[in-house]
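K.L.:
Handing over coords.cif, mmCIF, C-alpha atoms.
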```
data_start
loop_
_atom_site.label_atom_id
_atom_site.label_comp_id
_atom_site.auth_asym_id
_atom_site.auth_seq_id
_atom_site.Cartn_x
_atom_site.Cartn_y
_atom_site.Cartn_z
CA MET K 915 50.59 234.75 -120.77
CA SER K 916 49.98 231.04 -120.86
CA ALA K 917 47.96 228.98 -118.42
CA THR K 918 49.11 225.86 -116.64
CA VAL K 919 46.75 222.94 -117.20
CA VAL K 920 46.19 220.92 -114.03
CA THR K 921 44.32 217.62 -114.19
CA VAL K 922 42.81 216.29 -110.98
CA THR K 923 42.35 212.54 -111.12
CA SER K 924 42.28 209.44 -108.91
CA GLY K 925 41.27 206.16 -110.52
CA LYS K 926 38.79 205.33 -107.79
CA GLY K 927 35.54 207.26 -107.57
CA GLY K 928 34.34 209.14 -104.52
CA VAL K 929 37.72 210.16 -103.13
CA GLY K 930 37.17 213.89 -103.63
CA LYS K 931 38.32 214.86 -107.13
CA THR K 932 35.43 217.23 -107.73
CA THR K 933 35.70 218.74 -104.26
CA ALA K 934 39.44 219.24 -104.79
CA THR K 935 38.96 220.82 -108.23
CA ALA K 936 36.27 223.23 -107.01
CA ASN K 937 38.29 224.24 -103.96
CA LEU K 938 41.56 224.71 -105.81
CA GLY K 939 39.68 226.78 -108.38
CA VAL K 940 38.22 229.00 -105.66
CA ALA K 941 41.51 229.26 -103.77
CA LEU K 942 43.51 230.18 -106.87
CA ALA K 943 40.88 232.72 -107.91
CA GLU K 944 40.94 234.26 -104.42
CA ALA K 945 44.68 234.65 -104.90
CA GLU K 946 43.84 236.81 -107.93
CA GLN K 947 44.65 234.17 -110.49
CA ARG K 948 42.47 233.80 -113.58
CA VAL K 949 41.01 230.31 -113.43
CA VAL K 950 38.76 228.13 -115.56
CA CYS K 951 37.55 224.75 -114.29
CA ILE K 952 36.48 222.10 -116.81
CA ASP K 953 34.21 219.24 -115.80
CA ALA K 954 35.42 216.32 -117.93
CA ASP K 955 33.00 213.85 -116.37
CA ILE K 956 30.60 213.77 -119.33
CA GLY K 957 27.31 212.08 -118.43
CA LEU K 958 27.84 212.48 -114.69
CA ARG K 959 28.41 216.18 -114.25
CA ASN K 960 28.83 217.44 -110.71
CA LEU K 961 31.39 220.20 -110.61
CA ASP K 962 28.54 222.64 -111.36
CA VAL K 963 26.63 221.75 -108.18
CA VAL K 964 29.75 221.70 -105.99
CA MET K 965 30.55 225.21 -107.25
CA GLY K 966 26.89 226.27 -106.93
CA LEU K 967 26.55 227.21 -110.60
CA GLU K 968 24.08 224.57 -111.78
CA ASN K 969 21.29 227.07 -112.47
CA ARG K 970 23.31 229.03 -115.00
CA ILE K 971 24.16 226.28 -117.47
CA VAL K 972 23.11 226.84 -121.07
CA TYR K 973 25.88 225.24 -123.11
CA ASP K 974 28.43 222.61 -122.17
CA LEU K 975 31.75 221.03 -123.13
CA VAL K 976 30.26 218.86 -125.87
CA ASP K 977 28.46 221.88 -127.37
CA ILE K 978 31.85 223.61 -127.70
CA VAL K 979 33.53 220.55 -129.23
CA GLU K 980 30.69 219.97 -131.69
CA GLY K 981 30.56 223.63 -132.67
CA ARG K 982 27.09 224.46 -131.36
CA CYS K 983 28.39 227.42 -129.37
CA LYS K 984 31.45 229.58 -128.99
CA LEU K 985 33.89 228.79 -126.19
CA ARG K 986 32.92 231.95 -124.30
CA GLN K 987 29.22 231.10 -124.41
CA ALA K 988 29.77 227.86 -122.46
CA MET K 989 31.91 229.51 -119.80
CA ILE K 990 29.95 230.24 -116.63
CA LYS K 991 31.24 233.05 -114.47
CA ASP K 992 31.37 232.29 -110.75
CA LYS K 993 28.86 234.12 -108.53
CA ARG K 994 31.44 235.39 -106.05
CA LEU K 995 34.76 235.50 -107.83
CA GLY K 996 34.93 237.47 -111.06
CA ASN K 997 38.03 235.69 -112.31
CA LEU K 998 36.72 232.12 -111.93
CA TYR K 999 34.85 230.26 -114.68
CA LEU K 1000 33.33 226.83 -115.18
CA ILE K 1001 32.90 224.83 -118.36
CA PRO K 1002 30.31 222.20 -117.43
CA ALA K 1003 30.17 218.65 -118.74
CA ALA K 1004 27.28 217.49 -120.92
CA GLN K 1005 24.80 215.45 -118.91
CA THR K 1006 23.09 213.43 -121.63
CA ARG K 1007 26.12 212.25 -123.63
CA ASP K 1008 28.98 209.86 -122.91
CA LYS K 1009 32.76 210.13 -122.77
CA THR K 1010 33.21 209.31 -126.46
CA ALA K 1011 31.60 212.64 -127.41
CA VAL K 1012 35.02 214.22 -126.76
CA SER K 1013 38.50 213.03 -127.80
CA PRO K 1014 41.87 213.67 -126.16
CA ARG K 1015 42.74 215.83 -129.18
CA ASP K 1016 39.59 217.94 -128.63
CA MET K 1017 40.70 218.55 -125.06
CA VAL K 1018 44.17 219.65 -126.15
CA LYS K 1019 42.67 222.04 -128.70
CA LEU K 1020 40.20 223.46 -126.19
CA THR K 1021 42.78 224.01 -123.47
CA ASP K 1022 45.20 225.56 -125.97
CA GLU K 1023 42.55 228.18 -126.70
CA LEU K 1024 42.01 228.81 -123.00
CA ARG K 1025 45.71 229.06 -122.19
CA LYS K 1026 45.90 232.53 -123.73
CA ASP K 1027 43.39 234.12 -121.37
CA PHE K 1028 43.95 232.30 -118.07
CA ASP K 1029 46.59 231.48 -115.50
CA TRP K 1030 45.12 228.09 -114.63
CA VAL K 1031 42.96 225.54 -116.39
CA LEU K 1032 41.77 222.92 -113.89
CA ILE K 1033 40.31 219.68 -115.26
CA ASP K 1034 38.11 217.50 -113.08
CA SER K 1035 38.72 213.98 -114.40
CA PRO K 1036 36.11 211.23 -114.20
CA ALA K 1037 36.91 208.10 -112.21
CA GLY K 1038 38.24 205.11 -114.10
CA ILE K 1039 41.06 204.55 -116.56
CA GLU K 1040 39.12 204.71 -119.81
CA ARG K 1041 38.30 207.37 -122.38
CA GLY K 1042 37.15 210.02 -119.91
CA PHE K 1043 40.40 209.77 -117.97
CA ARG K 1044 42.39 209.83 -121.25
CA ASN K 1045 40.54 213.00 -122.26
CA ALA K 1046 41.36 214.67 -118.95
CA LEU K 1047 44.99 213.57 -118.99
CA ALA K 1048 45.87 214.52 -122.58
CA PRO K 1049 46.33 218.30 -122.10
CA ALA K 1050 47.76 218.16 -118.54
CA ASP K 1051 50.94 220.01 -117.61
CA ILE K 1052 50.53 218.98 -113.98
CA VAL K 1053 48.66 215.92 -112.71
CA LEU K 1054 47.30 215.86 -109.18
CA ILE K 1055 46.22 212.50 -107.84
CA VAL K 1056 43.61 212.50 -105.10
CA THR K 1057 43.44 209.52 -102.79
CA ASN K 1058 42.16 208.56 -99.35
CA PRO K 1059 44.15 206.64 -96.75
CA GLU K 1060 42.41 203.37 -97.63
CA VAL K 1061 43.74 200.25 -99.32
CA SER K 1062 41.40 200.37 -102.33
CA ALA K 1063 41.92 204.08 -103.04
CA VAL K 1064 45.72 203.86 -102.74
CA ARG K 1065 45.82 200.80 -104.97
CA ASP K 1066 43.92 202.63 -107.70
CA ALA K 1067 46.13 205.69 -107.26
CA ASP K 1068 49.16 203.49 -107.93
CA ARG K 1069 47.63 202.30 -111.19
CA ILE K 1070 46.97 205.89 -112.27
CA ILE K 1071 50.52 206.94 -111.38
CA GLY K 1072 51.81 204.19 -113.69
CA MET K 1073 49.58 205.42 -116.51
CA VAL K 1074 50.61 209.06 -116.06
CA GLU K 1075 54.27 208.05 -116.12
CA ALA K 1076 53.68 205.97 -119.27
CA GLU K 1077 52.40 209.16 -120.97
CA GLU K 1078 55.72 210.81 -120.13
CA LYS K 1079 54.05 213.55 -118.13
CA GLU K 1080 55.79 215.21 -115.22
CA PRO K 1081 55.60 212.97 -112.14
CA PRO K 1082 52.16 213.46 -110.56
CA ARG K 1083 51.73 214.91 -107.09
CA LEU K 1084 49.50 213.56 -104.37
CA ILE K 1085 46.59 215.07 -102.46
CA LEU K 1086 45.82 212.83 -99.50
CA ASN K 1087 42.20 213.62 -98.77
CA ARG K 1088 39.83 212.80 -95.89
CA VAL K 1089 42.47 212.03 -93.30
CA LYS K 1090 41.17 211.49 -89.77
CA PRO K 1091 44.02 212.44 -87.43
CA GLU K 1092 42.35 210.71 -84.49
CA MET K 1093 42.19 207.37 -86.32
CA VAL K 1094 45.78 207.78 -87.50
CA ARG K 1095 46.82 208.35 -83.91
CA ARG K 1096 45.12 205.14 -82.83
CA GLY K 1097 46.85 203.16 -85.58
CA GLU K 1098 43.57 202.63 -87.39
CA MET K 1099 44.33 204.64 -90.50
CA LEU K 1100 47.32 204.69 -92.85
CA THR K 1101 49.64 207.60 -92.11
CA THR K 1102 50.74 210.10 -94.74
CA GLU K 1103 54.19 208.51 -94.53
CA ASP K 1104 52.72 205.04 -95.15
CA VAL K 1105 50.93 206.22 -98.29
CA LEU K 1106 53.96 208.11 -99.63
CA ASP K 1107 56.19 205.14 -98.89
CA VAL K 1108 53.94 202.81 -100.86
CA LEU K 1109 53.27 205.15 -103.81
CA ALA K 1110 56.70 206.78 -104.02
CA ILE K 1111 55.44 210.15 -105.28
CA ASP K 1112 55.62 213.74 -104.04
CA LEU K 1113 52.96 215.11 -101.76
CA ILE K 1114 51.28 218.46 -102.47
CA GLY K 1115 48.89 218.43 -99.54
CA VAL K 1116 46.99 216.57 -96.84
CA VAL K 1117 43.33 217.45 -96.34
CA PRO K 1118 41.62 216.46 -93.10
CA GLU K 1119 38.15 214.97 -93.01
CA ASP K 1120 35.80 217.87 -92.42
CA ASP K 1121 32.00 217.86 -92.06
CA GLY K 1122 32.13 221.33 -93.56
CA VAL K 1123 32.75 219.76 -96.96
CA ILE K 1124 29.25 218.23 -96.89
CA THR K 1125 27.54 221.40 -95.71
CA ALA K 1126 29.52 223.32 -98.32
CA SER K 1127 28.28 221.04 -101.08
CA ASN K 1128 24.73 221.32 -99.70
CA GLN K 1129 25.00 225.04 -100.31
CA GLY K 1130 27.21 225.08 -103.37
CA LEU K 1131 29.86 227.10 -101.54
CA PRO K 1132 33.28 225.38 -101.66
CA VAL K 1133 34.95 225.13 -98.22
CA ALA K 1134 37.96 227.09 -99.42
CA LEU K 1135 35.69 230.15 -99.07
CA ASN K 1136 35.27 229.43 -95.36
CA PRO K 1137 38.19 230.85 -93.35
CA ARG K 1138 37.38 228.59 -90.37
CA SER K 1139 37.31 225.28 -92.24
CA LYS K 1140 40.32 222.99 -91.78
CA ALA K 1141 39.80 221.37 -95.17
CA GLY K 1142 39.39 224.81 -96.72
CA LYS K 1143 42.72 225.89 -95.24
CA ALA K 1144 44.40 222.74 -96.60
CA PHE K 1145 43.06 223.47 -100.09
CA ARG K 1146 44.19 227.09 -99.92
CA GLU K 1147 47.66 225.88 -98.99
CA ILE K 1148 47.72 223.42 -101.90
CA ALA K 1149 46.78 226.31 -104.20
CA ARG K 1150 49.71 228.34 -102.87
CA ARG K 1151 52.05 225.39 -103.44
CA LEU K 1152 50.78 225.14 -107.03
CA MET K 1153 51.69 228.80 -107.42
CA GLY K 1154 55.22 227.92 -106.39
CA GLU K 1155 55.12 229.16 -102.84
CA GLU K 1156 56.89 227.17 -100.14
CA VAL K 1157 54.18 226.37 -97.63
CA PRO K 1158 55.28 223.98 -94.90
CA LEU K 1159 53.15 220.88 -94.49
CA GLU K 1160 51.40 220.98 -91.19
CA ALA K 1161 51.89 217.74 -89.29
CA LEU K 1162 48.24 216.74 -89.09
CA GLN K 1163 48.70 213.57 -87.15
CA SER K 1164 51.78 213.98 -85.08
CA PRO K 1165 50.99 215.23 -81.61
CA ASN K 1166 52.08 211.70 -80.80
CA GLY K 1167 55.13 211.75 -83.03
CA PHE K 1168 57.39 211.31 -80.03
CA ILE K 1169 55.75 208.03 -79.05
CA ARG K 1170 55.90 206.76 -82.57
CA ARG K 1171 59.58 207.55 -82.79
CA ILE K 1172 60.24 205.62 -79.60
CA SER K 1173 58.20 202.67 -80.79
CA ARG K 1174 60.14 202.69 -84.04
CA LEU K 1175 63.38 202.57 -82.02
CA VAL K 1176 62.08 199.67 -79.97
CA ARG K 1177 61.11 197.74 -83.06
CA GLY K 1178 64.61 198.33 -84.37
CA MET Y 328 56.55 193.79 -71.13
CA VAL Y 329 53.22 195.54 -71.08
CA ILE Y 330 54.93 198.73 -72.20
CA LEU Y 331 56.75 196.85 -74.95
CA ASP Y 332 53.47 195.38 -76.15
CA TRP Y 333 51.92 198.82 -76.12
CA LEU Y 334 54.81 200.32 -78.06
CA ARG Y 335 54.72 197.49 -80.54
CA GLY Y 336 50.96 197.88 -80.82
CA ARG Y 337 51.11 199.37 -84.28
CA GLU Y 338 52.38 196.12 -85.72
CA ARG Y 339 49.04 194.53 -84.99
CA SER Y 340 47.02 197.63 -85.78
CA SER Y 341 44.67 197.74 -88.74
CA ALA Y 342 46.75 200.54 -90.29
CA HIS Y 343 49.76 198.27 -90.26
CA GLN Y 344 47.74 195.48 -91.84
CA ALA Y 345 46.52 197.95 -94.47
CA LYS Y 346 50.08 198.87 -95.37
CA GLU Y 347 51.24 195.26 -95.58
CA ARG Y 348 48.29 194.23 -97.73
CA LEU Y 349 48.79 197.25 -99.98
CA GLN Y 350 52.46 196.51 -100.49
CA LEU Y 351 51.71 192.92 -101.43
CA VAL Y 352 48.85 193.74 -103.77
CA LEU Y 353 50.87 196.49 -105.48
CA VAL Y 354 53.83 194.21 -106.09
CA HIS Y 355 51.55 191.85 -107.99
CA ASP Y 356 49.64 194.67 -109.74
CA ARG Y 357 52.81 196.35 -110.96
CA ALA Y 358 54.32 193.16 -112.32
CA ASP Y 359 50.95 192.14 -113.81
CA LEU Y 360 51.55 188.78 -112.18
CA PRO Y 361 48.70 187.78 -109.89
CA PRO Y 362 49.42 185.22 -107.14
CA GLY Y 363 47.78 182.37 -109.13
CA LYS Y 364 50.00 183.01 -112.14
CA LEU Y 365 53.02 183.07 -109.87
CA GLU Y 366 52.09 179.57 -108.65
CA ALA Y 367 51.84 178.35 -112.26
CA LEU Y 368 55.24 179.88 -112.96
CA LYS Y 369 56.61 178.03 -109.94
CA ASP Y 370 55.27 174.70 -111.22
CA ASP Y 371 56.84 175.27 -114.64
CA LEU Y 372 60.10 176.27 -113.04
CA ILE Y 373 60.19 173.09 -110.95
CA GLU Y 374 59.53 171.01 -114.04
CA VAL Y 375 62.35 172.59 -116.03
CA LEU Y 376 64.87 172.53 -113.21
CA SER Y 377 64.06 168.91 -112.39
CA ARG Y 378 65.28 167.90 -115.82
CA HIS Y 379 68.76 169.06 -114.85
CA VAL Y 380 69.07 168.72 -111.12
CA GLU Y 381 67.23 166.99 -108.33
CA ILE Y 382 65.39 169.58 -106.30
CA ASP Y 383 63.27 169.45 -103.21
CA SER Y 384 60.16 170.55 -105.06
CA ARG Y 385 57.98 170.94 -101.97
CA ALA Y 386 60.37 173.44 -100.43
CA VAL Y 387 60.64 175.70 -103.48
CA GLN Y 388 59.65 179.27 -102.72
CA ILE Y 389 59.04 182.00 -105.25
CA SER Y 390 58.11 185.58 -104.48
CA LEU Y 391 57.97 189.07 -105.90
CA THR Y 392 59.66 191.92 -104.08
CA ARG Y 393 60.00 195.60 -104.70
CA GLU Y 394 62.63 198.08 -103.66
CA ARG Y 395 61.95 201.61 -104.81
CA ASN Y 396 61.18 201.22 -108.50
CA GLU Y 397 62.87 197.87 -108.99
CA GLN Y 398 60.79 194.73 -109.07
CA ARG Y 399 62.43 191.39 -108.46
CA LEU Y 400 61.35 187.80 -108.74
CA ILE Y 401 63.07 185.74 -106.08
CA ALA Y 402 63.21 181.98 -106.22
CA ASN Y 403 64.59 179.89 -103.40
CA ILE Y 404 65.23 176.38 -104.74
CA PRO Y 405 66.69 173.90 -102.29
CA LEU Y 406 68.34 170.86 -103.87
CA ALA Y 407 67.21 167.40 -102.80
CA PRO Y 408 69.07 166.13 -99.68
CA ALA Y 409 72.54 164.82 -100.52
CA ARG Y 410 71.72 161.26 -99.47
CA ALA Y 411 68.80 161.09 -101.84
CA ARG Y 412 70.96 162.39 -104.66
CA ARG Y 413 73.68 159.81 -104.06
CA ARG Y 414 71.21 156.94 -104.45
CA PRO Y 415 72.04 155.11 -107.67
CA LEU Y 416 69.68 155.82 -110.50
CA ASN Y 417 68.15 152.73 -111.95
#
```
Could you render the structure as structure tokens?

P.N.:
Amino acid sequence: MSATVVTVTSGKGGVGKTTATANLGVALAEAEQRVVCIDADIGLRNLDVVMGLENRIVYDLVDIVEGRCKLRQAMIKDKRLGNLYLIPAAQTRDKTAVSPRDMVKLTDELRKDFDWVLIDSPAGIERGFRNALAPADIVLIVTNPEVSAVRDADRIIGMVEAEEKEPPRLILNRVKPEMVRRGEMLTTEDVLDVLAIDLIGVVPEDDGVITASNQGLPVALNPRSKAGKAFREIARRLMGEEVPLEALQSPNGFIRRISRLVRG
Amino acid sequence: MVILDWLRGRERSSAHQAKERLQLVLVHDRADLPPGKLEALKDDLIEVLSRHVEIDSRAVQISLTRERNEQRLIANIPLAPARARRRPLN
């Protein structure tokens, strides 16, 4: 048994990397996969609060790397799902406390006991990102349908390709179908056209994500949440299932097709 | 006409502007050639070409384009009007 290491990254901050990591972790664990999530954002840890596990932290990633604890001691078991774990980031250190080689060594140890190792990458293109990227088998790039976020995603795609990793796949997060319909937000097709990468899922904007983070209960646990459903579907796609992409923004597809014809 | 305008609405929409701006900015990002550098390149190009042939330097156009994964630098260099070229050089 050997885990697949999935790194969730974006370039730009605030697009939903941590939310995506927490929700994919929960969704995979609900599908009876053994999952460990690693917060690689040393100095700015947040995956713990999004997963609602902040009160259980004793040791962290840097403690493991520097030999102050055993790997198992820093792994926090999820409150609800017995097969989901978190390795939190250190809060009082910086990214240089860990090297890309440390991350490869750590994940190699975890591979034996898990199906999935999910790494929440920090924003940026420096050391923290390098640490998160080094052990990745699969890279997921999170972006929003906004010029600045897509631009940064393009830069990250170039860097992932330069590392000779498998081509990354895209999570388009925080899509507002109503704005797309009015021509006020980039469509999924626009973003894919510009970035030229494969899509793994589109997540609609959902107030439930905020209330979920208020409570430390990822939306993927909520069967009524639209964003939660999108994350559960992405998890199934990661597991190799063919899950059709729901057309989020195309009740007006007919009109758009006509207008495309008219424009020639 | 009103219907045509409505159907063509997306061309003026902010989403359309976003896509056009993104495509332009990414072409420059990917080539690591910001617009200012491209202008400098154009000036150098005009200087070199002028040593060999008379060109209409004000009409020179240079741009970056992208198709799929291929980047291309396109220069459009009109020669000086024939009459000007035929003038004897003193």

K.L.:
At a cut-off of 12 Å, using only C-alpha atoms, what residues contact Gly925 in chain K? Leave out same-chain residues fewer than 4 positions from it and give the result as a ChimeraX atom specification.

P.N.:
/K:929-931,1035-1040,1042-1044,1046-1047,1054-1058,1062-1074

K.L.:
Expand the PyMOL selection byres ((chain K and resi 921) around 10) into the explicit residue set it covers here, and present it as a list in words.

P.N.:
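That selection, the PyMOL selection byres ((chain K and resi 921) around 10), comes back as Thr918, Val919, Val920, Val922, Thr923, Ser924, Lys931, Thr935, Cys951, Ile952, Ala954, Val1031, Leu1032, Ile1033, Asp1034, Ser1035, Phe1043, Ala1046, Leu1047, Ala1048, Pro1049, Ala1050, Asp1051, Ile1052, Val1053, Leu1054, Ile1055 and Pro1082 of chain K.
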
K.L.:
Identify, on the basis of only C-alpha atoms, every residue whose closest approach to Ala345 in chain Y does not exceed 8 Å; exclude the query and any residue fewer than 5 positions from it along the same chain; express the result as a PDB file with C-alpha atoms, keeping the file's coordinate frame.

P.N.:
```pdb
ATOM      1  CA  GLU K1060      42.410 203.370 -97.630  1.00  0.00           C
ATOM      2  CA  VAL K1061      43.740 200.250 -99.320  1.00  0.00           C
ATOM      3  CA  LEU K1100      47.320 204.690 -92.850  1.00  0.00           C
TER       4      LEU K1100
END
```

K.L.:
Between Y:Lys346, Y:Leu391, Y:Asn403, Y:His379, which residue has the minimum interatomic distance to Lys364 in chain Y, considering all atoms listed in the file?

P.N.:
Y:Leu391

K.L.:
With all atoms listed in the file as the basis for distance, which of K:Ala1134, K:Met1099, K:Val1012, K:Ile1148 is at the shortest distance from chain Y?

P.N.:
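Counting all atoms listed in the file, the residue closest to chain Y is K:Met1099.
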
K.L.:
I need the residue nearest Asn1136 in chain K from this list: K:Thr1006, K:Lys926, K:Met1093, K:Asn937. Use all atoms listed in the file for the distance.

P.N.:
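Looking at the shortest contact to Asn1136 in chain K, the residue is K:Asn937.
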
K.L.:
Restricting the calculation to only C-alpha atoms, which member of Y:Ala402, Y:Leu360, Y:Leu353, Y:Ala407 is positioned closest to Arg385 in chain Y?

P.N.:
Y:Ala407

K.L.:
Could you give me, as a list of chain:residue names, the residues within 8 Å of Leu975 in chain K, counting all atoms listed in the file and dropping anything in the same chain fewer than 5 positions from it?

P.N.:
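The contact residues come out as K:Ile952, K:Asp953, K:Ala954, K:Ala988, K:Ile1001, K:Pro1002, K:Ala1003, K:Ala1004.
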
K.L.:
What does the structure give for the distance between CA of Arg1083 in chain K and CA of Ala936 in chain K, in Å to one decimal?

P.N.:
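Going from CA of Arg1083 in chain K over to CA of Ala936 in chain K, I get 17.6 Å.
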
K.L.:
Report the centre and edge lengths, in Å to one decimal, of an axis-aligned box enclosing every atom of range 1017-1022 of chain K listed in the file, padded by 5 Å on each side, as AutoDock Vina command-line options.

P.N.:
```
--center_x 42.7 --center_y 222.1 --center_z -126.1 --size_x 15.0 --size_y 17.0 --size_z 15.2
```

K.L.:
The PyMOL selection byres ((chain K and resi 992-997) around 8) - which residues does that actually catch in the file I just gave you? List them as a list in words.

P.N.:
Val940, Ala943, Glu944, Glu946, Gln947, Arg948, Val949, Met965, Leu967, Ile990, Lys991, Leu998, Tyr999 and Leu1000 of chain K

K.L.:
I'd like the interatomic distance between CA of Ile971 in chain K and CA of Arg1015 in chain K, to a tenth of an Å.

P.N.:
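It comes out at 24.3 Å.
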
K.L.:
In Å, with one decimal, what is the gap from CA of Glu1160 in chain K to CA of Leu942 in chain K?

P.N.:
19.8 Å

K.L.:
Evaluate the PyMOL selection byres ((chain Y and resi 381) around 10) and record the selected residues as a count of residues only, following the chain and residue labels used in the document.

P.N.:
16

K.L.:
With only C-alpha atoms as the atoms that count, which of Y:Glu366, Y:Val375, Y:Ser390, Y:Glu397 lies nearest to chain K?

P.N.:
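That would be Y:Glu397, the residue with the smallest distance to chain K.
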
K.L.:
Using all atoms listed in the file for the distances, tell me which of K:Val1108, K:Val1123, K:Ala1144, K:Met1153 is nearest to chain Y.

P.N.:
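Among the listed residues, the smallest separation from chain Y belongs to K:Val1108.
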